[in-house]
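**Q** This structure is in structure tokens; I'll ask about it shortly.
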Amino acid sequence: MPESIVIRDVTKTVLTPDGPKSLLKGVNLHLEQGRIYGVIGLGGAGKSTLLKLIAGEIRPTSGTVELFGRSIRDVSDSERADLLTKVAKVGVFPNLTPNQTIIESVTEAAQQVEHRIADGGEPDEKDKPRLEPSEIALHLLRALGLRALKNLYPEQLSGGELQRASVAKALAADPRVLLLDEVTGALDHLESREILRLIRRLVKERNITVVLATHEISAIKEICDNVIVLDKGLVVEEGPSHAVIADPQADRTRAFVQSASSLGKVSDLLAGSDPVVDLRPGQKLISLRYVSEDVSEPLVSLVTRKFGIDVNIMLADIQIVGKYPIGGIVGIFEGPERNIRDAITFLRGKKVRVEIIAEN
Ligand SMILES: Nc1ncnc2c1ncn2[C@@H]1O[C@H](COP(=O)(O)OP(=O)(O)O)[C@@H](O)[C@H]1O
Ligand SMILES: [Mg+2]
């Protein structure tokens with residue numbers, strides 16, 4: 001896969017009344033064309049700063065940002081403008097013009113692409129059969145579920161509809177890179193899930209690279225192929241979403257993953273010595289964490305049968321991320337000591353992380 005965005009040793013320092021402040025402290029990233037990257041971090045971690053650097057809105061203090069193999073600092077002004085037409089951005093606030101209907105805004109964005117090509121865009125673009133701007137706009141609005149609302153003005157739309165219209169406008173500009181900064185931050189859970197799914201479908205059809213900044217692990221699980229964890233201006237962990245969420249390494253990543261999992265409640269249960277974990281002799285409270293991509297067998301029912309033990313599930317949180325189940329369960333295991341030991345050995349052999357939390 002060709003690299004779409006390369007960030008080399010990028011730092012960004014700004015001057016504040018209290019002195020210099022370091023927003024990014026040496027970031028290196030290689031992002032492939034067509035993949036969806038989630039940048040997750042707490043408020044102030046530097047996510048928006050990173051997106052602004054990629055969009056050419058600000059310059060790095062040191063280091064380079066390359067788009068499609070060219071450093072945006074080293075090229076001429078007109079080449080830079082050209083490179084940046086391939087990058088679209090949608091932020092927390094919708095980027096629509098108040099006095100234009102939705103279809104007018106989106107059509108206008110598609111018209112600008114026509115002009116770009118007519119003004120001597122890339123040769124392969126000239127030969128591509130293209131739809132009329134109004135057809136492109138209609139197609140995008142339909143795909144985003146806004147067809148019936150196309151003649152409305154921004155102020156007449158709900159928050160979720162406005163964000164979908166902003167995404168339509170961004171895609172009408174035919175970008176190779178789409179930057180999304182907390183686009184679902186103001187939406188409820190169902191709305192945000194729906195818009196993320198629509199975005200995923202549209203960008204995959206178009207082979208667009210996405211960089212999505214968020215503080216919500218749910219957004220990462222929903223659409224991101226890869227995750228980049230940013231903490232105080234540094235990348236502390238990165239990798240395929242499934243692998244990182246299943247088995248987080250950095251403390252910051254673990255905190256994000258646990259905050260979204262009901263399995264974290266087990267420590268609350270134990271701390272409050274809940275009757276649920278009042279173990280009788282011979283019982284063990286055990287957590288099973290699925291960290292491998294090949295956990296597909298019904299392991300709990302298998303071990304209860306195979307080893308003649310009982311497993312009473314107390315908490316379970318298993319989700320499918322990128323086709324694979326991740327998460328785990330916490331249960332009370334009961335049966336002959338030897339059989340429970342054998343069951344644990346068996347599960348570990350299946351690459352399940354097994355931890356005895358408490359026993360009696
Ligand atoms: N131009 C600036 N001058 C001073 N401080 C800034 C400037 N831009 C951003 N910051 C600060 O830098 C930190 C990182 O910002 P940002 O990239 O917006 O973080 P995030 O998007 O992860 O919340 C924040 O504490 C913010 O207040
Ligand atoms: Mg931000």
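Just so we're on the same page: first chain in the structure tokens is A, next is B, and so on; residues restart at 1 for each chain, and ligands are numbered from 1 in the order they show up.
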Can you work out which residues are within 12 Å of ligand 1, considering only C-alpha atoms and all ligand atoms, and then hand them over as a ChimeraX atom specification?

**A** /A:11-25,39-53,57-60,91-92,180-183,185,212-216,229-235

**Q** Going by DSSP on the backbone, which bits of stretch 213-350 of chain A are helix (DSSP H, G or I)? Write them as an MDAnalysis selection string, please.

**A** chainID A and resid 217:223 241:246 251:259 262:271 275:277 299:307 337:349

**Q** Excluding A:Tyr290 and its own-chain neighbours fewer than 3 positions away, which residues fall within 12 Å of it when counting only C-alpha atoms? Please give them as a PyMOL selection string.

**A** chain A and resi 242-243+245-247+287+293-300+316-321+324-330+347-348+350-355

**Q** Between atom CA of A:Gln111 and atom CA of A:Pro133, what distance in Å does the model show, to one decimal?

**A**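 Atom CA of A:Gln111 sits 5.4 Å away from atom CA of A:Pro133.
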
**Q** Identify which of the residues A:Leu141, A:Leu315, A:Leu179, A:Ile72 lies closest to A:Ile286, counting only C-alpha atoms when measuring atom-to-atom distances.

**A** A:Leu315

**Q** Find the spatial neighbours of A:Ile103, counting only C-alpha atoms, within a cut-off of 12 Å - ignore same-chain residues fewer than 5 positions away - and output them as a PyMOL selection string.

**A** chain A and resi 96-97+108-110+133-142+146-154+165-166+168-169+172

**Q** Env of A:Arg8: 6 Å cut, atoms = only C-alpha atoms, seq-sep filter 6 positions within chain, self excluded. Answer as a compact mmCIF listing (two decimals) with C-alpha atoms, in the first residue's frame.

**A**
```txt
# COMPACT_ATOMS: atom_id res chain seq x y z
CA ASN A 28 6.49 9.84 13.73
CA GLY A 63 10.14 17.91 11.40
CA THR A 64 8.18 17.32 8.21
```

**Q** Go ahead and compute the interatomic distance for atom CA of A:Asn226 and atom CA of A:Tyr37, in Å to one decimal.

**A**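 Atom-to-atom, atom CA of A:Asn226 to atom CA of A:Tyr37, that is 4.8 Å.
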
**Q** Within 10 Å of A:Gly335, counting only C-alpha atoms, which residues qualify if same-chain residues fewer than 3 places away don't, as a PyMOL selection string?

**A** chain A and resi 282-284+304+307-311+338-341

**Q** Output N, CA and C atoms for every residue in the selection just made, as a PDB file, in the first residue's frame.

**A**
```pdb
ATOM      1  N   GLY A 282     -13.988 -23.855  47.647  1.00  0.00           N
ATOM      2  CA  GLY A 282     -13.844 -24.557  46.372  1.00  0.00           C
ATOM      3  C   GLY A 282     -14.189 -23.699  45.169  1.00  0.00           C
ATOM      4  N   GLN A 283     -14.689 -22.503  45.407  1.00  0.00           N
ATOM      5  CA  GLN A 283     -15.025 -21.632  44.268  1.00  0.00           C
ATOM      6  C   GLN A 283     -13.875 -20.663  43.999  1.00  0.00           C
ATOM      7  N   LYS A 284     -13.726 -20.334  42.717  1.00  0.00           N
ATOM      8  CA  LYS A 284     -12.713 -19.337  42.353  1.00  0.00           C
ATOM      9  C   LYS A 284     -13.348 -18.308  41.425  1.00  0.00           C
ATOM     10  N   THR A 304     -16.536 -26.482  30.590  1.00  0.00           N
ATOM     11  CA  THR A 304     -17.432 -27.060  31.608  1.00  0.00           C
ATOM     12  C   THR A 304     -17.680 -28.534  31.298  1.00  0.00           C
ATOM     13  N   PHE A 307     -14.053 -30.654  31.479  1.00  0.00           N
ATOM     14  CA  PHE A 307     -13.401 -30.826  32.783  1.00  0.00           C
ATOM     15  C   PHE A 307     -14.392 -31.032  33.931  1.00  0.00           C
ATOM     16  N   GLY A 308     -15.675 -31.148  33.585  1.00  0.00           N
ATOM     17  CA  GLY A 308     -16.668 -31.427  34.620  1.00  0.00           C
ATOM     18  C   GLY A 308     -16.724 -30.366  35.709  1.00  0.00           C
ATOM     19  N   ILE A 309     -16.662 -29.100  35.313  1.00  0.00           N
ATOM     20  CA  ILE A 309     -16.761 -28.024  36.305  1.00  0.00           C
ATOM     21  C   ILE A 309     -17.960 -27.144  35.950  1.00  0.00           C
ATOM     22  N   ASP A 310     -18.336 -26.265  36.894  1.00  0.00           N
ATOM     23  CA  ASP A 310     -19.399 -25.298  36.615  1.00  0.00           C
ATOM     24  C   ASP A 310     -18.782 -23.917  36.487  1.00  0.00           C
ATOM     25  N   VAL A 311     -19.298 -23.145  35.547  1.00  0.00           N
ATOM     26  CA  VAL A 311     -18.860 -21.752  35.433  1.00  0.00           C
ATOM     27  C   VAL A 311     -20.100 -20.875  35.484  1.00  0.00           C
ATOM     28  N   ARG A 338      -8.306 -29.859  41.030  1.00  0.00           N
ATOM     29  CA  ARG A 338      -7.481 -30.398  39.948  1.00  0.00           C
ATOM     30  C   ARG A 338      -8.118 -30.100  38.582  1.00  0.00           C
ATOM     31  N   ASN A 339      -9.442 -30.267  38.510  1.00  0.00           N
ATOM     32  CA  ASN A 339     -10.145 -30.033  37.240  1.00  0.00           C
ATOM     33  C   ASN A 339     -10.104 -28.553  36.846  1.00  0.00           C
ATOM     34  N   ILE A 340     -10.248 -27.694  37.877  1.00  0.00           N
ATOM     35  CA  ILE A 340     -10.187 -26.255  37.567  1.00  0.00           C
ATOM     36  C   ILE A 340      -8.789 -25.904  37.035  1.00  0.00           C
ATOM     37  N   ARG A 341      -7.756 -26.443  37.673  1.00  0.00           N
ATOM     38  CA  ARG A 341      -6.368 -26.210  37.209  1.00  0.00           C
ATOM     39  C   ARG A 341      -6.208 -26.664  35.751  1.00  0.00           C
TER      40      ARG A 341
END
```
